[in-house]
Amino acid sequence: MRQNRLGNSTVRVSELALGAAGIGNLFTPVSDVQAEQTLATAWACGIRYFDTAPHYGLGLSERRLGDALRRMPRHEYVLSTKVGRILDPAPDGIGNDLANGFAVPATHRRRWDFSAKGVRQSIEDSLNRLGLDRIDIAYLHDPDDHAEQALDEAYPELERMRGEGILGAIGVGMNQTELLVRFIRDTDIDAVLLAGRYSLLDQRGLDELLPLALQQDVGVVIGGVFNSGLLADPRPGATFDYAPAPSDLVARALDLKTVCESHGVPLRAAALRFPFGHPAVSGVLVGVRNSPEIEDAVAMLHFPIPVALWAELKERGLLAADVPTPQEQG
């Protein structure tokens, strides 16, 4: 699988990245065996970039990912995790964590912490769960309500850890563009992980973020290319940004599907390839929970897409005329 340099860093990421929330029991349980098979399939398919976070399954995702990656040559893969949520033990914790989206026992409580001390503790805790000695990319995770502390305390501490060799690159991961733009302007971050804001249905990332990232040589990884489901299977009742999709968006997604299928292309393939039309984009991250989903994502990534498909989407007003689109065939 093709690998691209992440901005001006030394990190190179595979075009397709595996988002490991699924193997952290997102919404429903995944067995240890299924998680292991999923990661083995991803490796066999050429995926060499793996993204996780303490938030995913109260550390379960990190532990499972570390178990798999410790068997692989360390120089062959890129691992990212996130900071901003500390996991405090909850010895008296009862029930499960489904209120936060994960089918795991409530053994810990999340605590927002973007202080310098909290960031260092978060990285040390992650390294212990992963069983590794370094992290390739550390993302500030959803600092929406903690912008000043993230800028004034968390980022400088990550910069110190980057200098110490504990981290290879620093990034920020969010589903909004405004604060990401501020980080690009005011810090020396290497990458942004933009979720849901640069897809066939939502190109807000194009307004300012992507041109600025290209200008400043900051790498961009795009998540949420299916907008939480609507672009994977457009139908009434499908979700957009994890909520029921409005009827006008469902209609637009169905129109996108019709045009794609008229060119013999699954909508999923067009949704996966679309972000690569912008030169700032280094990779696309997809969340999976089993081997068939990995195999499908890889097949969709490499599905041949005629340039005429993108032209027709613009002619029909489903994409703006100035939106950059991939020119290769797949």
# chains A, B, ... in the order shown; residues from 1 in each chain; ligands from 1
$ residues_around --residues "Tyr139 (chain A)" --least-positions-apart "5" --cutoff "7 Å" --atoms "only C-alpha atoms" --output "number ranges by chain"
A: 81-83, 170-173
$ write_last_selection --atoms "N, CA and C atoms" --output "mmCIF file, in the first residue's frame"
data_model
loop_
_atom_site.group_PDB
_atom_site.id
_atom_site.type_symbol
_atom_site.label_atom_id
_atom_site.label_comp_id
_atom_site.auth_asym_id
_atom_site.auth_seq_id
_atom_site.Cartn_x
_atom_site.Cartn_y
_atom_site.Cartn_z
ATOM 1 N N THR A 81 -1.657 7.526 19.246
ATOM 2 C CA THR A 81 -2.655 7.516 20.300
ATOM 3 C C THR A 81 -2.914 8.963 20.694
ATOM 4 N N LYS A 82 -3.693 9.161 21.744
ATOM 5 C CA LYS A 82 -4.197 10.513 22.017
ATOM 6 C C LYS A 82 -4.057 10.864 23.490
ATOM 7 N N VAL A 83 -4.072 12.166 23.746
ATOM 8 C CA VAL A 83 -3.991 12.673 25.112
ATOM 9 C C VAL A 83 -5.145 13.638 25.358
ATOM 10 N N ILE A 170 3.555 15.409 16.590
ATOM 11 C CA ILE A 170 2.466 15.945 17.403
ATOM 12 C C ILE A 170 1.312 16.334 16.487
ATOM 13 N N GLY A 171 0.105 16.010 16.913
ATOM 14 C CA GLY A 171 -1.066 16.374 16.124
ATOM 15 C C GLY A 171 -2.230 16.776 17.006
ATOM 16 N N VAL A 172 -3.305 17.178 16.367
ATOM 17 C CA VAL A 172 -4.556 17.502 17.047
ATOM 18 C C VAL A 172 -5.667 16.802 16.276
ATOM 19 N N GLY A 173 -6.557 16.109 16.993
ATOM 20 C CA GLY A 173 -7.667 15.406 16.361
ATOM 21 C C GLY A 173 -9.000 15.949 16.817
#
$ residues_around --residues "Val288 (chain A)" --least-positions-apart "4" --cutoff "10 Å" --atoms "only C-alpha atoms" --output "PyMOL selection string"
chain A and resi 18-23+26+35+38-39+42+292-295+297
$ write_last_selection --atoms "N, CA, C and O atoms" --output "compact mmCIF listing (two decimals), in the first residue's frame"
# COMPACT_ATOMS: atom_id res chain seq x y z
N LEU A 18 -5.99 2.18 10.13
CA LEU A 18 -7.00 1.46 10.90
C LEU A 18 -7.30 2.24 12.17
O LEU A 18 -6.41 2.49 12.98
N GLY A 19 -8.55 2.63 12.33
CA GLY A 19 -9.01 3.24 13.57
C GLY A 19 -9.46 2.15 14.52
O GLY A 19 -10.34 1.35 14.19
N ALA A 20 -8.87 2.12 15.71
CA ALA A 20 -9.03 0.96 16.59
C ALA A 20 -10.09 1.14 17.67
O ALA A 20 -10.08 0.41 18.67
N ALA A 21 -11.03 2.06 17.48
CA ALA A 21 -12.13 2.16 18.45
C ALA A 21 -12.98 0.89 18.43
O ALA A 21 -13.47 0.44 19.47
N GLY A 22 -13.15 0.30 17.25
CA GLY A 22 -13.97 -0.90 17.13
C GLY A 22 -13.48 -2.05 17.98
O GLY A 22 -14.27 -2.76 18.62
N ILE A 23 -12.15 -2.27 17.98
CA ILE A 23 -11.62 -3.36 18.80
C ILE A 23 -11.54 -2.96 20.27
O ILE A 23 -11.11 -3.77 21.11
N LEU A 26 -16.46 -0.72 20.72
CA LEU A 26 -17.35 0.39 20.43
C LEU A 26 -18.77 -0.13 20.18
O LEU A 26 -18.99 -0.93 19.26
N ALA A 35 -10.56 -9.50 17.54
CA ALA A 35 -9.68 -8.33 17.47
C ALA A 35 -8.33 -8.73 16.89
O ALA A 35 -7.77 -8.02 16.04
N THR A 38 -8.67 -9.32 13.19
CA THR A 38 -8.85 -8.05 12.48
C THR A 38 -7.52 -7.37 12.23
O THR A 38 -7.22 -6.92 11.12
N LEU A 39 -6.69 -7.31 13.26
CA LEU A 39 -5.40 -6.65 13.13
C LEU A 39 -4.46 -7.44 12.23
O LEU A 39 -3.69 -6.86 11.46
N ALA A 42 -5.51 -6.67 8.70
CA ALA A 42 -5.06 -5.33 8.31
C ALA A 42 -3.59 -5.35 7.92
O ALA A 42 -3.20 -4.76 6.90
N PRO A 292 -13.70 -8.90 7.56
CA PRO A 292 -14.41 -8.52 6.33
C PRO A 292 -14.48 -7.01 6.12
O PRO A 292 -14.40 -6.53 4.98
N GLU A 293 -14.63 -6.24 7.20
CA GLU A 293 -14.68 -4.78 7.04
C GLU A 293 -13.34 -4.24 6.58
O GLU A 293 -13.29 -3.31 5.77
N ILE A 294 -12.24 -4.81 7.06
CA ILE A 294 -10.91 -4.40 6.59
C ILE A 294 -10.75 -4.71 5.12
O ILE A 294 -10.31 -3.88 4.31
N GLU A 295 -11.11 -5.95 4.74
CA GLU A 295 -10.94 -6.36 3.34
C GLU A 295 -11.78 -5.50 2.41
O GLU A 295 -11.35 -5.13 1.31
N ALA A 297 -12.71 -2.34 2.98
CA ALA A 297 -12.12 -1.00 2.92
C ALA A 297 -10.93 -0.97 1.97
O ALA A 297 -10.78 -0.03 1.18
$ atom_distance --atom1 "CA of Leu87 (chain A)" --atom2 "CA of Asp188 (chain A)"
27.5 Å
$ select_by_dssp --residues "region 42-242 of chain A" --states "alpha helix (DSSP H)" --output "VMD selection string"
chain A and resid 42 to 44 60 to 69 116 to 130 147 to 149 155 to 163 178 to 186 209 to 216
$ closest_residue --among "A:Ala103, A:Arg134, A:His278, A:Ile86" --to "Arg74 (chain A)" --atoms "only C-alpha atoms"
A:Arg134
$ decode --residues "region 52-114 of chain A" --atoms "C-alpha atoms" --output "PDB file, in the first residue's frame"
ATOM      1  CA  THR A  52      -6.030   4.335  19.049  1.00  0.00           C
ATOM      2  CA  ALA A  53      -6.784   6.307  22.231  1.00  0.00           C
ATOM      3  CA  PRO A  54      -7.212   5.712  25.967  1.00  0.00           C
ATOM      4  CA  HIS A  55     -10.865   6.710  25.512  1.00  0.00           C
ATOM      5  CA  TYR A  56     -11.536   3.658  23.328  1.00  0.00           C
ATOM      6  CA  GLY A  57     -12.843   0.982  25.652  1.00  0.00           C
ATOM      7  CA  LEU A  58     -11.153   2.446  28.737  1.00  0.00           C
ATOM      8  CA  GLY A  59      -7.766   1.329  27.447  1.00  0.00           C
ATOM      9  CA  LEU A  60      -8.905  -1.970  25.902  1.00  0.00           C
ATOM     10  CA  SER A  61      -8.135  -0.766  22.373  1.00  0.00           C
ATOM     11  CA  GLU A  62      -4.575   0.197  23.341  1.00  0.00           C
ATOM     12  CA  ARG A  63      -3.951  -3.125  25.082  1.00  0.00           C
ATOM     13  CA  ARG A  64      -5.237  -5.182  22.155  1.00  0.00           C
ATOM     14  CA  LEU A  65      -3.375  -3.099  19.601  1.00  0.00           C
ATOM     15  CA  GLY A  66      -0.147  -3.338  21.571  1.00  0.00           C
ATOM     16  CA  ASP A  67      -0.486  -7.104  21.879  1.00  0.00           C
ATOM     17  CA  ALA A  68      -0.658  -7.371  18.095  1.00  0.00           C
ATOM     18  CA  LEU A  69       1.967  -4.784  17.161  1.00  0.00           C
ATOM     19  CA  ARG A  70       4.633  -6.054  19.552  1.00  0.00           C
ATOM     20  CA  ARG A  71       4.939  -9.056  17.235  1.00  0.00           C
ATOM     21  CA  MET A  72       5.640  -6.835  14.225  1.00  0.00           C
ATOM     22  CA  PRO A  73       8.905  -5.114  13.210  1.00  0.00           C
ATOM     23  CA  ARG A  74       8.780  -1.747  14.983  1.00  0.00           C
ATOM     24  CA  HIS A  75      10.201   0.203  12.046  1.00  0.00           C
ATOM     25  CA  GLU A  76       7.483  -1.037   9.676  1.00  0.00           C
ATOM     26  CA  TYR A  77       4.412   0.572  11.253  1.00  0.00           C
ATOM     27  CA  VAL A  78       3.172   3.892  12.591  1.00  0.00           C
ATOM     28  CA  LEU A  79       1.167   4.079  15.807  1.00  0.00           C
ATOM     29  CA  SER A  80      -0.825   7.052  17.046  1.00  0.00           C
ATOM     30  CA  THR A  81      -2.655   7.516  20.300  1.00  0.00           C
ATOM     31  CA  LYS A  82      -4.197  10.513  22.017  1.00  0.00           C
ATOM     32  CA  VAL A  83      -3.991  12.673  25.112  1.00  0.00           C
ATOM     33  CA  GLY A  84      -6.546  14.716  27.024  1.00  0.00           C
ATOM     34  CA  ARG A  85      -8.408  12.028  28.949  1.00  0.00           C
ATOM     35  CA  ILE A  86      -6.791  10.372  31.979  1.00  0.00           C
ATOM     36  CA  LEU A  87      -8.180   6.990  33.055  1.00  0.00           C
ATOM     37  CA  ASP A  88      -8.575   6.919  36.836  1.00  0.00           C
ATOM     38  CA  PRO A  89      -9.263   3.513  38.454  1.00  0.00           C
ATOM     39  CA  ALA A  90     -12.782   3.073  39.789  1.00  0.00           C
ATOM     40  CA  PRO A  91     -12.507   0.133  42.224  1.00  0.00           C
ATOM     41  CA  ASP A  92     -16.151   0.472  43.121  1.00  0.00           C
ATOM     42  CA  GLY A  93     -17.207   0.856  39.498  1.00  0.00           C
ATOM     43  CA  ILE A  94     -20.275  -1.129  38.618  1.00  0.00           C
ATOM     44  CA  GLY A  95     -22.041  -1.773  35.355  1.00  0.00           C
ATOM     45  CA  ASN A  96     -20.585  -0.947  31.938  1.00  0.00           C
ATOM     46  CA  ASP A  97     -19.330   1.999  29.927  1.00  0.00           C
ATOM     47  CA  LEU A  98     -22.110   2.012  27.328  1.00  0.00           C
ATOM     48  CA  ALA A  99     -23.110   5.527  28.347  1.00  0.00           C
ATOM     49  CA  ASN A 100     -19.824   6.553  26.717  1.00  0.00           C
ATOM     50  CA  GLY A 101     -20.293   4.190  23.785  1.00  0.00           C
ATOM     51  CA  PHE A 102     -18.156   1.210  24.820  1.00  0.00           C
ATOM     52  CA  ALA A 103     -19.293  -2.264  25.869  1.00  0.00           C
ATOM     53  CA  VAL A 104     -16.688  -2.741  28.597  1.00  0.00           C
ATOM     54  CA  PRO A 105     -16.863  -2.942  32.398  1.00  0.00           C
ATOM     55  CA  ALA A 106     -16.745   0.455  34.099  1.00  0.00           C
ATOM     56  CA  THR A 107     -13.352  -0.209  35.707  1.00  0.00           C
ATOM     57  CA  HIS A 108     -12.113   3.368  35.189  1.00  0.00           C
ATOM     58  CA  ARG A 109     -13.423   6.892  34.961  1.00  0.00           C
ATOM     59  CA  ARG A 110     -12.285   9.378  32.335  1.00  0.00           C
ATOM     60  CA  ARG A 111     -10.962  12.727  33.522  1.00  0.00           C
ATOM     61  CA  TRP A 112     -10.293  15.608  31.141  1.00  0.00           C
ATOM     62  CA  ASP A 113      -6.740  16.847  31.654  1.00  0.00           C
ATOM     63  CA  PHE A 114      -4.730  18.954  29.214  1.00  0.00           C
TER      64      PHE A 114
END
